[in-house]
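What follows is the content of my_file.txt, which has compact mmCIF, C-alpha atoms and all ligand atoms:
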# COMPACT_ATOMS: atom_id res chain seq x y z
CA MET A 1 -78.28 51.53 -9.62
CA ALA A 2 -76.20 54.69 -9.50
CA ILE A 3 -73.40 55.07 -12.05
CA ASN A 4 -70.00 54.55 -10.40
CA LEU A 5 -67.75 57.26 -11.88
CA LEU A 6 -64.64 55.24 -11.01
CA ASP A 7 -65.63 52.92 -13.85
CA TYR A 8 -65.08 55.63 -16.47
CA ASP A 9 -61.89 56.55 -18.30
CA ALA A 10 -61.60 60.03 -19.86
CA GLU A 11 -63.24 59.13 -23.14
CA ARG A 12 -66.25 57.41 -21.62
CA LEU A 13 -66.64 60.07 -18.95
CA GLY A 14 -66.75 62.71 -21.71
CA GLN A 15 -69.51 60.73 -23.43
CA LEU A 16 -71.37 60.42 -20.17
CA MET A 17 -71.24 64.20 -19.67
CA VAL A 18 -72.85 64.71 -23.08
CA GLN A 19 -75.55 62.16 -22.25
CA LEU A 20 -76.26 64.10 -19.07
CA GLY A 21 -76.59 67.34 -21.09
CA GLU A 22 -73.24 68.78 -19.92
CA LYS A 23 -70.18 70.04 -21.75
CA PRO A 24 -67.51 67.33 -22.27
CA PHE A 25 -64.88 69.40 -20.38
CA ARG A 26 -66.76 68.68 -17.15
CA ALA A 27 -65.12 65.26 -17.38
CA LYS A 28 -61.69 66.81 -16.77
CA GLN A 29 -62.92 68.71 -13.75
CA LEU A 30 -64.56 65.63 -12.32
CA MET A 31 -61.50 63.48 -12.92
CA LYS A 32 -59.27 65.92 -11.07
CA TRP A 33 -61.56 65.90 -8.06
CA ILE A 34 -61.97 62.17 -8.02
CA HIS A 35 -58.50 60.93 -8.86
CA GLN A 36 -56.09 63.73 -7.97
CA ARG A 37 -57.76 64.97 -4.84
CA GLY A 38 -59.31 61.67 -3.80
CA VAL A 39 -62.72 63.27 -3.24
CA ALA A 40 -65.79 61.02 -3.09
CA ASP A 41 -68.35 63.65 -2.13
CA PHE A 42 -69.90 65.77 -4.90
CA ASP A 43 -70.62 68.61 -2.45
CA ALA A 44 -66.90 69.27 -2.09
CA MET A 45 -66.42 69.90 -5.84
CA SER A 46 -66.53 73.67 -5.58
CA ASP A 47 -65.87 74.59 -9.22
CA ILE A 48 -68.79 72.52 -10.49
CA ALA A 49 -72.24 74.14 -10.69
CA LYS A 50 -74.42 73.29 -7.74
CA SER A 51 -77.29 72.14 -9.96
CA PHE A 52 -75.02 69.63 -11.69
CA ARG A 53 -73.57 68.46 -8.39
CA GLN A 54 -77.09 67.79 -7.14
CA LYS A 55 -77.91 65.86 -10.28
CA LEU A 56 -74.74 63.81 -9.95
CA ALA A 57 -75.55 63.03 -6.34
CA VAL A 58 -78.80 61.43 -7.50
CA ASP A 59 -77.57 59.54 -10.58
CA ALA A 60 -73.95 58.79 -9.79
CA CYS A 61 -71.53 57.82 -7.06
CA ILE A 62 -67.80 57.47 -6.46
CA ALA A 63 -67.57 54.06 -4.91
CA PRO A 64 -64.20 52.35 -4.46
CA PRO A 65 -64.21 48.93 -2.80
CA ALA A 66 -64.26 49.23 0.99
CA MET A 67 -60.97 48.76 2.81
CA MET A 68 -61.32 45.80 5.16
CA ALA A 69 -57.86 45.46 6.63
CA GLU A 70 -54.42 46.97 6.53
CA GLN A 71 -51.20 45.21 7.50
CA ILE A 72 -47.81 46.89 7.72
CA ALA A 73 -44.65 44.76 7.43
CA LYS A 74 -41.41 45.42 9.26
CA ASP A 75 -39.86 46.78 6.06
CA GLY A 76 -42.71 49.29 5.57
CA THR A 77 -44.54 47.25 2.92
CA ARG A 78 -48.29 47.61 3.36
CA LYS A 79 -50.98 45.21 2.31
CA TRP A 80 -54.62 46.18 2.02
CA LEU A 81 -57.54 43.81 1.78
CA LEU A 82 -60.39 45.35 -0.19
CA ASP A 83 -63.98 44.17 -0.05
CA VAL A 84 -65.30 43.40 -3.52
CA GLY A 85 -68.66 42.06 -2.37
CA THR A 86 -70.35 38.70 -1.72
CA GLY A 87 -67.64 37.58 0.64
CA ASN A 88 -64.74 38.22 -1.77
CA GLY A 89 -61.66 40.29 -1.06
CA VAL A 90 -58.63 41.25 -3.13
CA GLU A 91 -55.25 42.50 -2.02
CA ALA A 92 -53.12 45.47 -3.05
CA VAL A 93 -49.55 45.94 -1.83
CA PHE A 94 -47.55 49.16 -1.46
CA ILE A 95 -43.76 48.79 -1.54
CA PRO A 96 -41.83 51.90 -0.45
CA GLU A 97 -38.28 52.29 -1.74
CA ASP A 98 -35.80 55.16 -1.51
CA ASP A 99 -36.55 56.63 -4.91
CA ARG A 100 -40.09 55.41 -5.57
CA GLY A 101 -43.26 53.94 -4.17
CA THR A 102 -44.70 51.00 -6.06
CA LEU A 103 -48.27 49.79 -5.83
CA CYS A 104 -48.93 46.19 -6.81
CA VAL A 105 -52.51 46.01 -8.11
CA SER A 106 -54.86 43.01 -8.47
CA SER A 107 -56.97 42.48 -11.57
CA GLN A 108 -59.15 39.47 -10.74
CA VAL A 109 -60.72 37.76 -7.75
CA GLY A 110 -58.49 34.70 -7.80
CA CYS A 111 -57.04 33.46 -11.06
CA ALA A 112 -58.25 30.98 -13.66
CA LEU A 113 -54.75 30.05 -14.80
CA ASP A 114 -53.13 27.24 -12.99
CA CYS A 115 -49.48 28.12 -12.39
CA THR A 116 -48.41 25.42 -9.99
CA PHE A 117 -46.22 27.59 -7.71
CA CYS A 118 -48.67 30.46 -7.16
CA SER A 119 -50.90 30.76 -4.15
CA THR A 120 -53.51 32.87 -5.95
CA ALA A 121 -53.97 29.99 -8.41
CA ARG A 122 -54.71 27.64 -5.50
CA GLN A 123 -57.63 29.85 -4.53
CA GLY A 124 -59.44 29.23 -7.79
CA PHE A 125 -61.30 31.93 -9.68
CA ASN A 126 -64.39 33.95 -8.90
CA ARG A 127 -64.64 36.86 -11.33
CA ASN A 128 -62.96 39.77 -13.09
CA LEU A 129 -62.59 43.03 -11.19
CA SER A 130 -64.40 46.06 -12.62
CA THR A 131 -62.46 49.15 -13.68
CA ALA A 132 -63.65 50.85 -10.47
CA GLU A 133 -62.31 48.00 -8.37
CA ILE A 134 -58.94 48.11 -10.13
CA ILE A 135 -58.44 51.88 -10.10
CA GLY A 136 -60.03 51.93 -6.64
CA GLN A 137 -56.87 50.25 -5.31
CA LEU A 138 -54.76 53.20 -6.47
CA TRP A 139 -57.38 55.68 -5.30
CA TRP A 140 -57.29 54.15 -1.80
CA ALA A 141 -53.53 53.85 -1.65
CA ASN A 142 -52.97 57.52 -2.47
CA ARG A 143 -55.62 58.60 -0.02
CA ARG A 144 -54.39 56.43 2.76
CA LEU A 145 -50.72 57.28 2.24
CA SER A 146 -51.29 61.03 1.98
CA PHE A 147 -53.46 60.89 5.09
CA ASP A 148 -50.63 59.22 7.00
CA ALA A 149 -48.04 61.63 5.59
CA ALA A 150 -50.17 64.59 6.69
CA ARG A 151 -50.56 63.10 10.15
CA VAL A 152 -46.85 62.69 10.72
CA GLY A 153 -46.07 66.06 9.12
CA THR A 154 -44.20 64.78 6.07
CA ALA A 155 -46.82 65.80 3.51
CA THR A 156 -45.57 67.55 0.39
CA ASN A 157 -47.43 69.51 -2.26
CA ASP A 158 -47.19 66.48 -4.43
CA ASP A 159 -49.14 64.02 -2.36
CA THR A 160 -51.00 62.59 -5.33
CA ARG A 161 -47.67 61.10 -6.41
CA ILE A 162 -46.95 59.06 -3.33
CA VAL A 163 -47.52 56.08 -5.54
CA SER A 164 -44.97 56.73 -8.29
CA ASN A 165 -45.14 53.33 -10.01
CA VAL A 166 -47.83 50.74 -10.55
CA VAL A 167 -47.26 47.09 -11.32
CA MET A 168 -50.18 44.95 -12.46
CA MET A 169 -48.71 42.01 -10.56
CA GLY A 170 -51.27 41.33 -7.87
CA MET A 171 -53.96 38.65 -7.93
CA GLY A 172 -55.13 37.52 -11.35
CA GLU A 173 -54.00 37.54 -14.95
CA PRO A 174 -54.47 41.14 -16.11
CA LEU A 175 -54.72 40.27 -19.81
CA ALA A 176 -57.59 37.88 -19.06
CA ASN A 177 -59.56 40.93 -17.89
CA TYR A 178 -58.47 43.03 -20.80
CA ASP A 179 -61.08 45.78 -21.16
CA ASN A 180 -61.32 46.69 -17.49
CA VAL A 181 -57.55 46.60 -17.00
CA VAL A 182 -56.92 48.81 -20.04
CA ALA A 183 -59.54 51.36 -18.89
CA ALA A 184 -57.93 51.44 -15.43
CA MET A 185 -54.44 51.82 -16.92
CA ARG A 186 -55.68 54.69 -19.10
CA LEU A 187 -56.71 56.45 -15.89
CA MET A 188 -53.29 55.75 -14.36
CA LEU A 189 -51.70 57.44 -17.39
CA ASP A 190 -54.16 60.35 -17.73
CA ASP A 191 -52.78 63.75 -16.72
CA ASN A 192 -56.14 64.67 -15.21
CA ALA A 193 -56.07 61.53 -13.10
CA TYR A 194 -52.81 59.94 -11.88
CA GLY A 195 -50.46 61.19 -14.62
CA LEU A 196 -48.01 58.28 -14.47
CA SER A 197 -45.72 57.81 -17.44
CA ARG A 198 -46.09 54.63 -19.50
CA ARG A 199 -42.67 53.57 -18.26
CA ARG A 200 -43.90 53.60 -14.68
CA VAL A 201 -46.88 51.35 -15.28
CA THR A 202 -45.88 47.72 -15.76
CA LEU A 203 -48.21 44.92 -16.73
CA SER A 204 -47.12 41.38 -15.99
CA THR A 205 -48.57 38.51 -17.99
CA SER A 206 -48.19 34.77 -17.94
CA GLY A 207 -48.05 34.98 -21.73
CA MET A 208 -51.47 35.51 -23.34
CA VAL A 209 -50.16 36.10 -26.83
CA PRO A 210 -53.20 37.55 -28.67
CA GLN A 211 -53.86 40.03 -25.86
CA MET A 212 -50.20 41.09 -25.83
CA ASP A 213 -50.58 42.04 -29.49
CA LYS A 214 -53.75 43.96 -28.69
CA LEU A 215 -52.16 45.78 -25.76
CA ARG A 216 -49.32 46.91 -27.98
CA GLU A 217 -51.89 48.78 -30.13
CA ASP A 218 -54.31 49.96 -27.44
CA CYS A 219 -52.20 50.93 -24.45
CA PRO A 220 -48.51 50.07 -24.58
CA VAL A 221 -47.06 50.14 -21.07
CA ALA A 222 -43.92 48.51 -19.72
CA LEU A 223 -44.23 44.73 -20.03
CA ALA A 224 -43.10 41.92 -17.77
CA VAL A 225 -43.54 38.31 -18.84
CA SER A 226 -43.63 35.40 -16.43
CA LEU A 227 -41.24 33.14 -18.27
CA HIS A 228 -40.16 30.84 -15.42
CA ALA A 229 -38.77 28.10 -17.64
CA PRO A 230 -36.09 27.72 -20.32
CA ASN A 231 -37.96 25.17 -22.46
CA ASP A 232 -41.47 24.06 -23.31
CA SER A 233 -41.38 20.84 -21.36
CA ILE A 234 -40.73 22.57 -18.03
CA ARG A 235 -42.98 25.51 -18.85
CA ASP A 236 -45.87 23.21 -19.84
CA GLN A 237 -45.63 21.77 -16.34
CA ILE A 238 -45.47 24.93 -14.25
CA VAL A 239 -47.20 27.59 -16.41
CA PRO A 240 -49.88 25.53 -18.16
CA ILE A 241 -50.97 28.34 -20.51
CA ASN A 242 -47.72 27.46 -22.30
CA LYS A 243 -49.54 24.52 -23.88
CA LYS A 244 -51.72 27.05 -25.69
CA TYR A 245 -49.02 29.64 -26.45
CA PRO A 246 -45.66 27.88 -26.42
CA LEU A 247 -42.33 29.65 -26.05
CA LYS A 248 -41.69 30.28 -29.75
CA GLN A 249 -45.00 32.13 -30.07
CA LEU A 250 -44.41 33.96 -26.79
CA MET A 251 -40.94 35.17 -27.74
CA ASP A 252 -42.21 36.34 -31.14
CA ALA A 253 -45.00 38.26 -29.39
CA CYS A 254 -42.41 39.88 -27.10
CA ASN A 255 -40.44 41.06 -30.12
CA ARG A 256 -43.59 42.50 -31.71
CA TYR A 257 -44.47 44.23 -28.44
CA LEU A 258 -41.05 45.87 -28.29
CA GLU A 259 -41.80 47.78 -31.49
CA LYS A 260 -44.25 49.96 -29.56
CA ALA A 261 -43.18 49.50 -25.94
CA PRO A 262 -42.28 52.56 -23.84
CA ARG A 263 -39.14 50.80 -22.65
CA ASP A 264 -36.69 49.12 -24.96
CA PHE A 265 -36.69 45.85 -23.06
CA ILE A 266 -39.09 43.26 -21.71
CA THR A 267 -38.63 42.08 -18.15
CA PHE A 268 -38.58 38.31 -17.92
CA GLU A 269 -39.64 37.09 -14.50
CA TYR A 270 -38.19 33.78 -13.46
CA VAL A 271 -39.24 32.13 -10.21
CA MET A 272 -36.42 30.09 -8.70
CA LEU A 273 -37.76 26.65 -7.75
CA ASP A 274 -35.35 24.27 -6.10
CA GLY A 275 -34.45 21.39 -8.38
CA ILE A 276 -37.09 22.29 -10.99
CA ASN A 277 -35.79 25.15 -13.15
CA ASP A 278 -32.64 26.35 -11.36
CA LYS A 279 -29.83 24.20 -12.75
CA PRO A 280 -26.88 25.60 -14.72
CA GLU A 281 -28.07 23.88 -17.89
CA HIS A 282 -31.39 25.73 -17.52
CA ALA A 283 -29.57 29.05 -17.30
CA HIS A 284 -27.61 28.26 -20.49
CA GLN A 285 -30.82 27.26 -22.28
CA LEU A 286 -32.52 30.44 -21.10
CA ALA A 287 -29.64 32.57 -22.33
CA ALA A 288 -30.01 30.99 -25.77
CA LEU A 289 -33.80 31.29 -25.77
CA ALA A 290 -33.78 35.04 -25.13
CA ARG A 291 -30.87 35.76 -27.47
CA SER A 292 -32.89 37.71 -30.04
CA THR A 293 -35.13 39.61 -27.61
CA SER A 294 -34.12 42.82 -25.86
CA CYS A 295 -34.74 41.91 -22.23
CA LYS A 296 -33.73 41.97 -18.59
CA PHE A 297 -34.10 39.08 -16.21
CA ASN A 298 -35.67 39.36 -12.80
CA LEU A 299 -35.04 36.23 -10.76
CA ILE A 300 -37.67 35.77 -8.04
CA PRO A 301 -36.73 33.47 -5.17
CA PHE A 302 -39.81 31.30 -4.67
CA ASN A 303 -42.03 32.56 -1.85
CA PRO A 304 -43.51 29.70 0.09
CA PHE A 305 -47.13 29.25 1.15
CA PRO A 306 -48.85 26.35 2.92
CA ASN A 307 -48.73 23.07 0.98
CA ALA A 308 -46.95 24.71 -1.93
CA GLY A 309 -45.02 21.56 -2.70
CA TYR A 310 -41.98 23.57 -3.82
CA GLN A 311 -38.93 24.98 -2.13
CA ARG A 312 -36.94 28.08 -2.80
CA SER A 313 -33.67 27.52 -4.67
CA SER A 314 -30.61 27.83 -2.48
CA ARG A 315 -28.71 31.10 -2.45
CA GLU A 316 -25.85 29.34 -4.22
CA ALA A 317 -28.11 28.03 -6.98
CA ILE A 318 -29.59 31.50 -7.51
CA HIS A 319 -26.16 33.12 -7.69
CA ARG A 320 -24.85 30.47 -10.05
CA PHE A 321 -27.88 30.93 -12.29
CA ARG A 322 -27.52 34.70 -12.22
CA ASP A 323 -23.83 34.54 -13.06
CA ILE A 324 -24.39 32.39 -16.13
CA LEU A 325 -26.91 34.93 -17.45
CA LEU A 326 -24.55 37.80 -16.60
CA GLN A 327 -21.71 36.10 -18.43
CA ALA A 328 -23.99 35.69 -21.43
CA GLY A 329 -24.34 39.50 -21.43
CA TYR A 330 -27.78 39.96 -19.83
CA ILE A 331 -28.83 42.42 -17.16
CA VAL A 332 -30.08 40.38 -14.22
CA THR A 333 -31.59 41.38 -10.90
CA VAL A 334 -32.63 39.14 -8.06
CA ARG A 335 -35.93 40.40 -6.65
CA LYS A 336 -35.75 41.34 -3.02
CA THR A 337 -38.42 39.66 -1.02
CA ARG A 338 -40.60 42.38 0.45
CA GLY A 339 -43.35 42.11 3.02
CA ASP A 340 -43.14 38.35 3.44
CA ASP A 341 -43.89 38.62 7.17
CA ILE A 342 -47.41 39.72 6.17
CA ASP A 343 -47.70 37.32 3.18
CA ALA A 344 -47.42 40.23 0.76
CA ALA A 345 -44.60 38.85 -1.38
CA CYS A 346 -44.96 37.70 -5.00
CA GLY A 347 -47.32 34.78 -5.33
CA GLN A 348 -48.49 34.97 -1.72
CA LEU A 349 -51.56 37.15 -2.29
CA ALA A 350 -54.64 35.13 -1.55
CA GLY A 351 -57.33 37.59 -0.45
CA GLN A 352 -60.68 35.93 0.00
CA VAL A 353 -61.84 34.07 -3.04
CA LEU A 354 -65.07 32.16 -3.21
CA ASP A 355 -64.03 29.74 -5.91
CA LYS A 356 -66.60 29.23 -8.64
CA THR A 357 -64.55 26.72 -10.56
CA ARG A 358 -64.12 23.99 -7.95
CA ARG A 359 -60.42 24.31 -8.82
CA THR A 360 -59.22 23.60 -5.33
CA GLU A 361 -61.26 20.42 -4.96
CA LYS A 362 -60.34 19.19 -8.42
CA MET A 363 -56.70 19.91 -7.80
CA LEU A 364 -56.62 17.98 -4.57
CA GLU A 365 -58.25 15.05 -6.32
CA THR A 366 -55.94 14.97 -9.30
CA ARG A 367 -52.61 16.56 -8.61
CA PRO A 368 -49.91 14.74 -6.76
CA ILE A 369 -48.14 17.38 -4.72
CA ILE A 370 -44.42 17.42 -5.38
CA PHE A 371 -42.38 17.61 -2.22
CA LYS A 372 -38.76 18.44 -2.76
CA SER A 373 -35.90 18.18 -0.39
CA GLY A 374 -32.97 20.56 -0.42
CA GLY A 375 -31.54 23.70 1.14
CA ASP A 376 -33.22 27.04 1.59
CA ALA A 377 -31.76 30.43 0.65
N1 LIG B 1 -50.72 36.63 -13.71
C1 LIG B 1 -49.68 37.60 -14.00
C2 LIG B 1 -49.55 38.58 -12.88
C3 LIG B 1 -48.99 38.00 -11.59
S1 LIG B 1 -47.48 38.79 -11.30
C4 LIG B 1 -48.39 36.87 -14.33
O1 LIG B 1 -48.38 35.65 -14.26
O2 LIG B 1 -47.43 37.51 -14.73
C5 LIG B 1 -46.81 37.93 -10.00
C6 LIG B 1 -45.44 37.35 -10.33
O3 LIG B 1 -45.04 36.55 -9.22
C7 LIG B 1 -45.50 36.44 -11.53
O4 LIG B 1 -44.29 36.45 -12.24
C8 LIG B 1 -45.71 35.11 -10.85
O5 LIG B 1 -45.39 34.04 -11.69
C9 LIG B 1 -44.79 35.23 -9.67
N2 LIG B 1 -45.11 34.28 -8.60
C10 LIG B 1 -46.25 33.60 -8.43
N3 LIG B 1 -46.16 32.80 -7.34
C11 LIG B 1 -44.94 32.99 -6.82
C12 LIG B 1 -44.28 32.49 -5.67
N4 LIG B 1 -44.87 31.63 -4.84
N5 LIG B 1 -43.03 32.92 -5.40
C13 LIG B 1 -42.45 33.84 -6.21
N6 LIG B 1 -43.04 34.37 -7.31
C14 LIG B 1 -44.27 33.94 -7.61
I'd like the structure from this file rewritten - as structure tokens, please.
Amino acid sequence: MAINLLDYDAERLGQLMVQLGEKPFRAKQLMKWIHQRGVADFDAMSDIAKSFRQKLAVDACIAPPAMMAEQIAKDGTRKWLLDVGTGNGVEAVFIPEDDRGTLCVSSQVGCALDCTFCSTARQGFNRNLSTAEIIGQLWWANRRLSFDAARVGTATNDDTRIVSNVVMMGMGEPLANYDNVVAAMRLMLDDNAYGLSRRRVTLSTSGMVPQMDKLREDCPVALAVSLHAPNDSIRDQIVPINKKYPLKQLMDACNRYLEKAPRDFITFEYVMLDGINDKPEHAHQLAALARSTSCKFNLIPFNPFPNAGYQRSSREAIHRFRDILLQAGYIVTVRKTRGDDIDAACGQLAGQVLDKTRRTEKMLETRPIIFKSGGDA
């Protein structure tokens, strides 16, 4: 099978060049063509010797996952469904804002963790995405967005930067697919590829402590942690990986991460679930829990999906919760819900996952679904 060059970060591409009898600097040239100019055809790479281009055309390819569908929400959010073979699809979401464009990237087909309020979890797990499939989401997004900008006459000289920020917050747990995610993030950061600063690449984890320590050494980027609960008993229920790495260990890992992080705070994500984790006493507990960690809170109003079994906290409950954290001296934002008319909001990405774990069946057999009453925001 041909080598897919999208699987290679700078270091490995340099090694590949040597194996192919070429100078290592060819890697830089190739990366610029592939990632900055979005070129998939070796013939177009005019500063590379024709003989080498011909050789590459035989042995190698530039093969991002195929784009199957695009949906555009009323607020301009776009969701792409990418074909990752054998009936599976993953989703990437582009969120335009006044001062930036953020791409939300998936790392796995489904997710093996079992967070009870997340629709990706309900899909079960199929497999890890390859580096090519992860970076392919950014490759596509830039190509697609610059194509549209050119068509409507708003293209600038800086079209490779239409995506200015990446968040590893799509389908999957990125730290459970460590090697491929790190290779893809290295490409995001590489000046010959996407050239994003470490502060503009954010990885979100449910709290895989050993991998957080490893990331701190290998590729420190901005870190978000899905906290979602102020104590172990609630977190054990809704983010089950907490049973393996409870809050004390998680908070210690956050403090260690901060020693090398490109930003001087961790973002704690906190999904607001009506009646579950949104009471004033929870906010006070949370304020105490995070006391010795430099952090910001991002409250995420729960985004519903069919048979979720949860409801979004009321607007009043969210404001009350926010105010308690503010009074305790924290910086708090409430995440705006973007793209929910196309199911592109947090926790709504489902793609097409052929579950290998029988998770869905097992869940239906064993888990009583909690139905809550109460107001909506
Ligand atoms: N697995 C990683 C990456 C997912 S990021 C992680 O857990 O951090 C997506 C964020 O949206 C996480 O904070 C996740 O907990 C949150 N989320 C999941 N389902 C949600 C829902 N239905 N409504 C709002 N946020 C949700």
Selection: 7 Å around Phe268 (chain A), all atoms listed in the file, excl. self and same-chain fewer than 2 positions, as a list in words: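 Non-adjacent residues within range: Ala224, Val225, Ser226, Leu227, Ile266, Tyr270, Cys295, Lys296, Phe297 and Asn298 of chain A.
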Measuring atom to atom with only C-alpha atoms, identify which of A:Lys279, A:Arg216, A:Arg235, A:Lys55 is nearest to Cys115 (chain A). A:Arg235
Site check for ligand LIG 1 (chain B): residues at most 6 Å away, all atoms listed in the file, as a PyMOL selection string: chain A and resi 117-118+169-170+172-173+204-206+225-226+269+271+300-304+346-348
Can you measure CA of Asp278 (chain A) to CA of Arg320 (chain A) for me? One decimal in Å is fine.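 Atom-to-atom, CA of Asp278 (chain A) to CA of Arg320 (chain A), that is 8.9 Å.
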Which is closest to Leu5 (chain A) among A:Tyr178, A:Phe25, A:Phe265, A:Phe42, if we use only C-alpha atoms?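 For Leu5 (chain A), the nearest of the given residues is A:Phe42.
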Take the point (-45.6, 46.0, -20.6) as written in the file and pick out every residue within 12 Å of it, counting all atoms listed in the file; give the list as a ChimeraX atom specification. /A:166-169,174-175,182,185,198-207,211-226,253-268,295
Residues from the last selection, C-alpha atoms, saved as a tab-separated table (two decimals), keeping the file's coordinate frame:
chain	number	residue	atom	x	y	z
A	166	VAL	CA	-47.83	50.74	-10.55
A	167	VAL	CA	-47.26	47.09	-11.32
A	168	MET	CA	-50.18	44.95	-12.46
A	169	MET	CA	-48.71	42.01	-10.56
A	174	PRO	CA	-54.47	41.14	-16.11
A	175	LEU	CA	-54.72	40.27	-19.81
A	182	VAL	CA	-56.92	48.81	-20.04
A	185	MET	CA	-54.44	51.82	-16.92
A	198	ARG	CA	-46.09	54.63	-19.50
A	199	ARG	CA	-42.67	53.57	-18.26
A	200	ARG	CA	-43.90	53.60	-14.68
A	201	VAL	CA	-46.88	51.35	-15.28
A	202	THR	CA	-45.88	47.72	-15.76
A	203	LEU	CA	-48.21	44.92	-16.73
A	204	SER	CA	-47.12	41.38	-15.99
A	205	THR	CA	-48.57	38.51	-17.99
A	206	SER	CA	-48.19	34.77	-17.94
A	207	GLY	CA	-48.05	34.98	-21.73
A	211	GLN	CA	-53.86	40.03	-25.86
A	212	MET	CA	-50.20	41.09	-25.83
A	213	ASP	CA	-50.58	42.04	-29.49
A	214	LYS	CA	-53.75	43.96	-28.69
A	215	LEU	CA	-52.16	45.78	-25.76
A	216	ARG	CA	-49.32	46.91	-27.98
A	217	GLU	CA	-51.89	48.78	-30.13
A	218	ASP	CA	-54.31	49.96	-27.44
A	219	CYS	CA	-52.20	50.93	-24.45
A	220	PRO	CA	-48.51	50.07	-24.58
A	221	VAL	CA	-47.06	50.14	-21.07
A	222	ALA	CA	-43.92	48.51	-19.72
A	223	LEU	CA	-44.23	44.73	-20.03
A	224	ALA	CA	-43.10	41.92	-17.77
A	225	VAL	CA	-43.54	38.31	-18.84
A	226	SER	CA	-43.63	35.40	-16.43
A	253	ALA	CA	-45.00	38.26	-29.39
A	254	CYS	CA	-42.41	39.88	-27.10
A	255	ASN	CA	-40.44	41.06	-30.12
A	256	ARG	CA	-43.59	42.50	-31.71
A	257	TYR	CA	-44.47	44.23	-28.44
A	258	LEU	CA	-41.05	45.87	-28.29
A	259	GLU	CA	-41.80	47.78	-31.49
A	260	LYS	CA	-44.25	49.96	-29.56
A	261	ALA	CA	-43.18	49.50	-25.94
A	262	PRO	CA	-42.28	52.56	-23.84
A	263	ARG	CA	-39.14	50.80	-22.65
A	264	ASP	CA	-36.69	49.12	-24.96
A	265	PHE	CA	-36.69	45.85	-23.06
A	266	ILE	CA	-39.09	43.26	-21.71
A	267	THR	CA	-38.63	42.08	-18.15
A	268	PHE	CA	-38.58	38.31	-17.92
A	295	CYS	CA	-34.74	41.91	-22.23
With 6 Å of padding per side, what axis-aligned box (centre and edge lengths, Å, one decimal) covers all the listed atoms of region 63-76 of chain A? Give it as lines of an AutoDock Vina configuration file.
center_x = -53.7
center_y = 49.4
center_z = 2.2
size_x = 39.7
size_y = 21.3
size_z = 26.2
